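One file, run39.tsv, is given below (TSV, C-alpha atoms).
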chain	number	residue	atom	x	y	z
A	1	MET	CA	29.87	169.06	15.42
A	2	ILE	CA	29.85	165.71	17.20
A	3	ARG	CA	28.81	163.11	14.66
A	4	TYR	CA	26.91	159.84	14.98
A	5	ALA	CA	30.12	157.91	14.33
A	6	ALA	CA	31.41	159.12	17.67
A	7	LEU	CA	28.22	158.03	19.36
A	8	PHE	CA	28.68	154.54	18.00
A	9	ALA	CA	32.30	154.45	19.09
A	10	LEU	CA	31.21	155.30	22.62
A	11	ALA	CA	28.39	152.76	22.47
A	12	ALA	CA	30.85	150.02	21.59
A	13	ALA	CA	32.90	150.92	24.66
A	14	CYS	CA	29.96	151.28	27.06
A	15	THR	CA	27.19	148.92	25.96
A	16	ALA	CA	28.88	145.75	27.17
A	17	GLN	CA	28.59	146.89	30.79
A	18	THR	CA	25.16	148.49	30.56
A	19	ALA	CA	23.63	145.57	28.70
A	20	SER	CA	24.87	143.16	31.32
A	21	ALA	CA	23.46	145.37	34.06
A	22	ALA	CA	20.11	145.45	32.32
A	23	ASP	CA	19.99	141.71	32.04
A	24	ALA	CA	21.43	140.76	35.37
A	25	PHE	CA	18.03	141.04	37.04
A	26	ALA	CA	15.87	139.15	34.60
A	27	GLY	CA	13.69	136.77	36.66
A	28	PRO	CA	12.45	133.23	36.31
A	29	SER	CA	9.68	132.73	33.77
A	30	GLU	CA	7.70	130.56	36.19
A	31	GLU	CA	6.83	130.79	39.87
A	32	PRO	CA	9.65	129.70	42.21
A	33	ALA	CA	7.27	127.58	44.29
A	34	ALA	CA	4.13	125.73	43.28
A	35	VAL	CA	0.76	125.26	44.93
A	36	THR	CA	0.32	121.58	45.74
A	37	ASP	CA	-3.37	121.25	46.57
A	38	ALA	CA	-5.18	119.22	43.93
A	39	GLY	CA	-8.73	120.36	44.57
A	40	PRO	CA	-10.78	122.58	42.25
A	41	GLY	CA	-10.98	126.34	42.68
A	42	TRP	CA	-8.61	129.25	42.28
A	43	ALA	CA	-5.05	129.32	43.62
A	44	LEU	CA	-2.99	132.51	43.25
A	45	GLN	CA	0.58	133.40	44.16
A	46	ILE	CA	2.76	136.48	43.67
A	47	THR	CA	6.54	136.29	43.75
A	48	PRO	CA	8.95	139.23	43.84
A	49	TYR	CA	12.39	137.90	42.99
A	50	MET	CA	16.04	138.56	42.21
A	51	TRP	CA	18.19	136.84	39.59
A	52	ALA	CA	21.94	137.38	40.06
A	53	ALA	CA	22.80	136.58	36.46
A	54	GLY	CA	25.97	136.98	34.47
A	55	LEU	CA	25.85	137.76	30.76
A	56	LYS	CA	27.75	136.34	27.81
A	57	GLY	CA	27.14	136.92	24.10
A	58	ASP	CA	27.12	139.45	21.25
A	59	ILE	CA	25.20	142.75	21.19
A	60	SER	CA	24.69	145.55	18.68
A	61	PRO	CA	22.34	148.16	20.21
A	62	PHE	CA	22.20	150.46	17.13
A	63	ARG	CA	21.68	149.64	13.46
A	64	ARG	CA	24.98	151.20	12.35
A	65	ALA	CA	26.95	150.26	15.45
A	66	PRO	CA	29.47	147.40	15.54
A	67	THR	CA	28.57	144.10	17.16
A	68	ILE	CA	30.57	143.67	20.35
A	69	GLY	CA	31.30	140.64	22.49
A	70	VAL	CA	30.14	140.81	26.11
A	71	GLU	CA	31.15	138.72	29.12
A	72	LYS	CA	30.25	140.15	32.53
A	73	SER	CA	29.69	138.70	35.98
A	74	PHE	CA	26.89	139.87	38.26
A	75	SER	CA	29.33	141.71	40.52
A	76	ASP	CA	30.53	143.81	37.55
A	77	VAL	CA	27.17	145.45	36.90
A	78	MET	CA	25.60	146.45	40.23
A	79	ASP	CA	26.96	150.02	40.13
A	80	ASP	CA	25.06	150.79	36.91
A	81	LEU	CA	21.55	150.10	38.21
A	82	ASN	CA	19.10	153.02	38.41
A	83	PHE	CA	15.89	151.05	38.91
A	84	GLY	CA	14.71	147.47	38.69
A	85	GLY	CA	11.29	145.90	39.16
A	86	PHE	CA	10.65	142.14	38.94
A	87	VAL	CA	7.52	140.13	39.70
A	88	ASN	CA	5.96	136.80	38.83
A	89	VAL	CA	2.23	136.08	39.06
A	90	TRP	CA	0.88	132.54	38.83
A	91	ALA	CA	-2.69	131.23	39.01
A	92	ARG	CA	-4.50	127.91	38.69
A	93	TYR	CA	-8.15	126.92	38.38
A	94	ASP	CA	-8.67	123.18	38.65
A	95	ARG	CA	-6.21	121.88	36.01
A	96	PHE	CA	-5.90	125.13	34.03
A	97	VAL	CA	-2.82	127.29	34.81
A	98	LEU	CA	-1.75	130.84	33.99
A	99	SER	CA	1.69	132.42	34.43
A	100	GLY	CA	2.95	135.98	34.02
A	101	ASP	CA	6.52	137.12	34.58
A	102	MET	CA	7.52	140.78	34.18
A	103	MET	CA	10.75	142.74	34.43
A	104	PHE	CA	11.80	146.37	33.94
A	105	VAL	CA	15.40	147.52	34.38
A	106	ASP	CA	17.01	150.96	33.86
A	107	THR	CA	20.82	151.30	33.92
A	108	THR	CA	23.35	154.03	33.13
A	109	ASP	CA	27.05	153.65	32.42
A	110	SER	CA	29.32	156.71	32.17
A	111	HIS	CA	32.89	157.06	30.90
A	112	ALA	CA	35.46	159.75	30.15
A	113	PHE	CA	37.73	159.34	27.12
A	114	GLY	CA	40.56	161.14	25.44
A	115	ALA	CA	40.08	162.47	21.93
A	116	LEU	CA	38.40	160.08	19.48
A	117	PRO	CA	39.32	160.15	15.76
A	118	ALA	CA	35.66	160.62	14.79
A	119	LEU	CA	35.38	163.89	16.73
A	120	PRO	CA	36.65	167.24	15.35
A	121	VAL	CA	38.25	168.26	18.67
A	122	PRO	CA	41.88	169.06	19.58
A	123	PRO	CA	44.09	166.15	20.74
A	124	GLY	CA	43.91	165.60	24.48
A	125	THR	CA	40.34	166.85	24.80
A	126	ILE	CA	38.38	164.93	27.41
A	127	ILE	CA	35.16	163.46	26.05
A	128	ASN	CA	32.40	162.47	28.46
A	129	GLY	CA	29.78	159.97	27.49
A	130	SER	CA	26.98	157.88	28.99
A	131	VAL	CA	24.70	155.09	27.84
A	132	ASP	CA	21.22	154.76	29.32
A	133	SER	CA	19.64	151.36	28.69
A	134	LYS	CA	16.07	150.33	29.48
A	135	GLN	CA	14.84	146.78	29.13
A	136	PHE	CA	11.36	145.33	29.49
A	137	MET	CA	10.56	141.64	29.22
A	138	ALA	CA	7.34	139.76	29.93
A	139	THR	CA	6.54	136.07	29.55
A	140	LEU	CA	2.84	135.17	29.47
A	141	GLN	CA	1.76	131.54	29.31
A	142	GLY	CA	-1.30	129.41	29.78
A	143	GLY	CA	-1.57	125.66	30.05
A	144	TYR	CA	-3.03	122.48	31.45
A	145	ARG	CA	-1.97	120.19	34.31
A	146	VAL	CA	-1.48	116.88	32.50
A	147	VAL	CA	-0.35	114.98	35.62
A	148	ASP	CA	-1.99	115.84	38.95
A	149	THR	CA	-1.18	113.53	41.86
A	150	HIS	CA	-0.22	114.02	45.50
A	151	ASP	CA	3.38	113.01	44.74
A	152	PHE	CA	3.97	114.75	41.41
A	153	THR	CA	2.48	117.39	39.08
A	154	LEU	CA	3.33	118.24	35.48
A	155	ASP	CA	2.04	121.28	33.55
A	156	ALA	CA	2.15	121.77	29.78
A	157	LEU	CA	2.48	125.46	28.84
A	158	ALA	CA	2.34	127.68	25.75
A	159	GLY	CA	2.47	131.44	25.28
A	160	ALA	CA	4.74	134.30	24.28
A	161	ARG	CA	7.80	136.19	25.51
A	162	PHE	CA	7.79	139.95	24.82
A	163	TRP	CA	10.99	142.02	24.61
A	164	HIS	CA	11.54	145.78	24.34
A	165	ILE	CA	15.00	147.36	24.58
A	166	SER	CA	15.95	151.05	24.26
A	167	ASN	CA	19.42	152.64	24.32
A	168	ASP	CA	20.34	156.34	24.49
A	169	VAL	CA	23.94	157.52	24.05
A	170	THR	CA	25.03	161.04	25.09
A	171	VAL	CA	28.48	162.41	24.17
A	172	SER	CA	29.76	165.83	25.26
A	173	ALA	CA	33.03	167.73	24.68
A	174	LEU	CA	34.01	171.42	24.71
A	175	GLY	CA	30.52	172.43	25.76
A	176	VAL	CA	28.84	170.59	22.89
A	177	SER	CA	26.55	167.64	23.55
A	178	ARG	CA	24.81	165.17	21.25
A	179	THR	CA	22.31	162.41	22.06
A	180	TYR	CA	21.24	159.53	19.91
A	181	GLY	CA	18.71	156.82	20.78
A	182	GLU	CA	17.14	153.73	19.29
A	183	SER	CA	14.71	151.11	20.51
A	184	PHE	CA	13.67	147.71	19.22
A	185	GLY	CA	11.49	144.84	20.32
A	186	TRP	CA	10.07	141.49	19.29
A	187	VAL	CA	7.75	138.67	20.36
A	188	ASP	CA	8.72	135.01	20.69
A	189	PRO	CA	6.20	132.17	20.85
A	190	VAL	CA	7.23	129.67	23.54
A	191	VAL	CA	6.17	126.18	24.67
A	192	GLY	CA	7.28	124.48	27.86
A	193	LEU	CA	6.85	122.08	30.76
A	194	ARG	CA	6.90	122.55	34.53
A	195	ALA	CA	7.27	119.74	37.06
A	196	PHE	CA	6.78	119.87	40.83
A	197	LEU	CA	7.87	117.23	43.34
A	198	PRO	CA	7.18	117.47	47.10
A	199	LEU	CA	9.92	115.95	49.27
A	200	THR	CA	8.43	116.60	52.73
A	201	ASP	CA	5.54	118.65	54.10
A	202	LYS	CA	7.67	121.79	53.83
A	203	LEU	CA	10.38	120.99	51.29
A	204	SER	CA	9.93	120.58	47.52
A	205	VAL	CA	11.75	120.86	44.21
A	206	GLN	CA	10.61	122.32	40.90
A	207	ALA	CA	11.97	122.22	37.36
A	208	GLN	CA	10.79	124.23	34.37
A	209	ALA	CA	11.97	124.59	30.77
A	210	ASP	CA	10.70	126.23	27.60
A	211	VAL	CA	11.82	126.76	24.02
A	212	GLY	CA	10.59	129.19	21.39
A	213	GLY	CA	11.34	131.85	18.83
A	214	PHE	CA	11.36	129.55	15.82
A	215	GLY	CA	12.24	132.50	13.55
A	216	ALA	CA	9.01	134.39	14.37
A	217	GLY	CA	10.92	136.88	16.55
A	218	SER	CA	14.30	135.57	17.55
A	219	ASP	CA	15.90	132.67	15.73
A	220	ILE	CA	15.73	130.61	18.93
A	221	THR	CA	15.18	131.19	22.63
A	222	TRP	CA	15.14	128.76	25.53
A	223	SER	CA	15.20	128.81	29.30
A	224	ALA	CA	15.65	126.32	32.13
A	225	LEU	CA	14.98	126.77	35.85
A	226	ALA	CA	15.41	124.49	38.86
A	227	THR	CA	14.62	125.50	42.45
A	228	ILE	CA	14.37	124.03	45.91
A	229	ASN	CA	11.48	125.49	47.92
A	230	TYR	CA	10.73	125.77	51.64
A	231	THR	CA	7.23	126.54	52.94
A	232	PHE	CA	6.96	128.55	56.17
A	233	THR	CA	3.17	128.86	56.24
A	234	ASP	CA	0.22	128.23	53.92
A	235	HIS	CA	0.73	131.76	52.59
A	236	LEU	CA	4.51	132.20	52.58
A	237	SER	CA	7.47	130.29	51.11
A	238	VAL	CA	11.00	130.95	49.86
A	239	SER	CA	12.93	129.34	47.02
A	240	ALA	CA	16.48	129.26	45.73
A	241	GLY	CA	17.87	127.77	42.55
A	242	TYR	CA	19.54	128.38	39.22
A	243	LYS	CA	18.25	129.70	35.89
A	244	VAL	CA	19.54	129.98	32.33
A	245	LEU	CA	17.95	132.16	29.63
A	246	ASP	CA	19.27	132.09	26.07
A	247	VAL	CA	18.11	134.21	23.12
A	248	ASP	CA	19.46	134.71	19.59
A	249	TYR	CA	17.94	137.79	17.92
A	250	ASP	CA	19.42	139.36	14.76
A	251	ARG	CA	17.09	141.52	12.67
A	252	GLY	CA	17.10	144.99	11.14
A	253	GLY	CA	20.70	145.63	12.16
A	254	HIS	CA	20.01	144.93	15.84
A	255	VAL	CA	21.82	141.99	17.44
A	256	PHE	CA	20.93	140.52	20.83
A	257	ASP	CA	22.53	137.08	21.01
A	258	THR	CA	23.07	136.41	24.71
A	259	ARG	CA	23.00	133.80	27.43
A	260	LEU	CA	22.10	134.80	30.99
A	261	SER	CA	22.76	132.43	33.87
A	262	GLY	CA	22.98	132.60	37.63
A	263	PRO	CA	21.32	131.86	40.98
A	264	VAL	CA	17.75	132.96	41.66
A	265	LEU	CA	16.03	133.80	44.96
A	266	GLY	CA	12.30	134.35	45.41
A	267	LEU	CA	9.73	135.10	48.13
A	268	THR	CA	6.26	133.74	47.35
A	269	LEU	CA	2.95	135.02	48.78
A	270	ARG	CA	-0.05	132.71	48.32
A	271	PHE	CA	-3.73	133.62	48.35

Same coordinates, now as structure tokens:
Amino acid sequence: MIRYAALFALAAACTAQTASAADAFAGPSEEPAAVTDAGPGWALQITPYMWAAGLKGDISPFRRAPTIGVEKSFSDVMDDLNFGGFVNVWARYDRFVLSGDMMFVDTTDSHAFGALPALPVPPGTIINGSVDSKQFMATLQGGYRVVDTHDFTLDALAGARFWHISNDVTVSALGVSRTYGESFGWVDPVVGLRAFLPLTDKLSVQAQADVGGFGAGSDITWSALATINYTFTDHLSVSAGYKVLDVDYDRGGHVFDTRLSGPVLGLTLRF
């Protein structure tokens, strides 16, 4: 019988690549472009985006699995992607602001190995295995525009970042197959600032940063985003920039201590 020890051995070999694929598409926690009108009333924008992030850190997807070091570039992980969905929604009423950023990613990594010591199979037997990883993250924040001028705006934000990660490992050899899965999740309180600076009628820059965790979920988490934005019309703009997201989670035998960083590209629709 194929035992759980073999599943963990396979997970250690596979998870580095699948975890990086799952995280490579995490999006910015704030909207890539900001609405600059200062009048009262509702402003709403929706931004589908891509984040070409690399991953570096330590991960242990199962309670009894070893913690493994991971360092992957964005180009290393594209082949593992099954599905990814990423969207940011931002709204403002007068000086009150709301922000929601959501991501779901499903990846699969498959390998073939020779005989593993943990498996009771003859030497030379080919062992096939795959790891399916699903990751959901959502950042929800509300706040107040503390500076609101024609030349500069500054928002103070507070909210929470929600994480849910599931991993399923399947190992098969000699017609026998075993699957083992675990999932874990947590919630991090976060506080942050967002600044917006128009350069011309069409060109602007934005910077955003937050910090959280504080031991309530992860030990610490922080993110930083900077973009340059170009407005085509009153309802359409594009933005490009760079984002870093860091989280240090270690509870219940699960370890997710990673830093994601890379360029971000967004297309914003305003209403």

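Of the residues listed (A:Met50, A:Ile68, A:Val211, A:Ala156), A:Met50 shows the shortest atom-to-atom separation from Pro263 in chain A; distances use only C-alpha atoms.
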
Selection near range 160-169 of chain A, 6 Å with all atoms listed in the file, sequence-local residues under 4 positions removed, as an MDAnalysis selection string:
chainID A and resid 130:140 179:190

Could you write out that same residue set with C-alpha atoms as an mmCIF file, keeping the file's coordinate frame?
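Saved file out_17.cif follows:
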data_model
loop_
_atom_site.group_PDB
_atom_site.id
_atom_site.type_symbol
_atom_site.label_atom_id
_atom_site.label_comp_id
_atom_site.auth_asym_id
_atom_site.auth_seq_id
_atom_site.Cartn_x
_atom_site.Cartn_y
_atom_site.Cartn_z
ATOM 1 C CA SER A 130 26.980 157.880 28.990
ATOM 2 C CA VAL A 131 24.700 155.090 27.840
ATOM 3 C CA ASP A 132 21.220 154.760 29.320
ATOM 4 C CA SER A 133 19.640 151.360 28.690
ATOM 5 C CA LYS A 134 16.070 150.330 29.480
ATOM 6 C CA GLN A 135 14.840 146.780 29.130
ATOM 7 C CA PHE A 136 11.360 145.330 29.490
ATOM 8 C CA MET A 137 10.560 141.640 29.220
ATOM 9 C CA ALA A 138 7.340 139.760 29.930
ATOM 10 C CA THR A 139 6.540 136.070 29.550
ATOM 11 C CA LEU A 140 2.840 135.170 29.470
ATOM 12 C CA THR A 179 22.310 162.410 22.060
ATOM 13 C CA TYR A 180 21.240 159.530 19.910
ATOM 14 C CA GLY A 181 18.710 156.820 20.780
ATOM 15 C CA GLU A 182 17.140 153.730 19.290
ATOM 16 C CA SER A 183 14.710 151.110 20.510
ATOM 17 C CA PHE A 184 13.670 147.710 19.220
ATOM 18 C CA GLY A 185 11.490 144.840 20.320
ATOM 19 C CA TRP A 186 10.070 141.490 19.290
ATOM 20 C CA VAL A 187 7.750 138.670 20.360
ATOM 21 C CA ASP A 188 8.720 135.010 20.690
ATOM 22 C CA PRO A 189 6.200 132.170 20.850
ATOM 23 C CA VAL A 190 7.230 129.670 23.540
#

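Interatomic distance, CA of Ser223 in chain A against CA of Tyr242 in chain A: 10.8 Å.
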
If I put a ball of radius 7 Å at (14.3, 150.5, 33.3) in the file's coordinates, which residues poke into it when counting only C-alpha atoms, written as a VMD selection string?
chain A and resid 83 to 84 104 to 107 134 to 135

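For the atom pair formed by CA of Ser218 in chain A and CA of Val247 in chain A, the distance is 6.9 Å, given to one decimal.
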
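The space separating CA of Thr258 in chain A from CA of Thr221 in chain A comes to 9.7 Å.
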
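Distance check against Arg95 in chain A using only C-alpha atoms: of A:Leu157, A:Ala240, A:Val70, A:Ala52, the minimum falls on A:Leu157.
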
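Of the residues listed (A:Val264, A:Val97, A:Leu269, A:Leu236), A:Val97 shows the shortest atom-to-atom separation from Leu193 in chain A; distances use all atoms listed in the file.
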
Could you tell me which of A:Val87, A:Val176, A:Leu197, A:Ala207 comes closest to Trp51 in chain A if we count all atoms listed in the file?
A:Val87

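Compared by their closest atoms to Thr233 in chain A, and using all atoms listed in the file, the residues A:Phe271, A:Phe86, A:Gly57, A:Phe214 rank with A:Phe271 nearest.
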
Tell me which residues come within 9 Å of (7.2, 138.2, 43.0), as a tab-separated table (two decimals) with C-alpha atoms, in the frame of the given file, counting only C-alpha atoms in the file's coordinates.
chain	number	residue	atom	x	y	z
A	31	GLU	CA	6.83	130.79	39.87
A	32	PRO	CA	9.65	129.70	42.21
A	45	GLN	CA	0.58	133.40	44.16
A	46	ILE	CA	2.76	136.48	43.67
A	47	THR	CA	6.54	136.29	43.75
A	48	PRO	CA	8.95	139.23	43.84
A	49	TYR	CA	12.39	137.90	42.99
A	50	MET	CA	16.04	138.56	42.21
A	86	PHE	CA	10.65	142.14	38.94
A	87	VAL	CA	7.52	140.13	39.70
A	88	ASN	CA	5.96	136.80	38.83
A	89	VAL	CA	2.23	136.08	39.06
A	101	ASP	CA	6.52	137.12	34.58
A	266	GLY	CA	12.30	134.35	45.41
A	267	LEU	CA	9.73	135.10	48.13
A	268	THR	CA	6.26	133.74	47.35
A	269	LEU	CA	2.95	135.02	48.78

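Residue nearest Leu265 in chain A, chosen from A:Pro61, A:Gly241, A:Gly129, A:Gly175 and counting all atoms listed in the file: A:Gly241.
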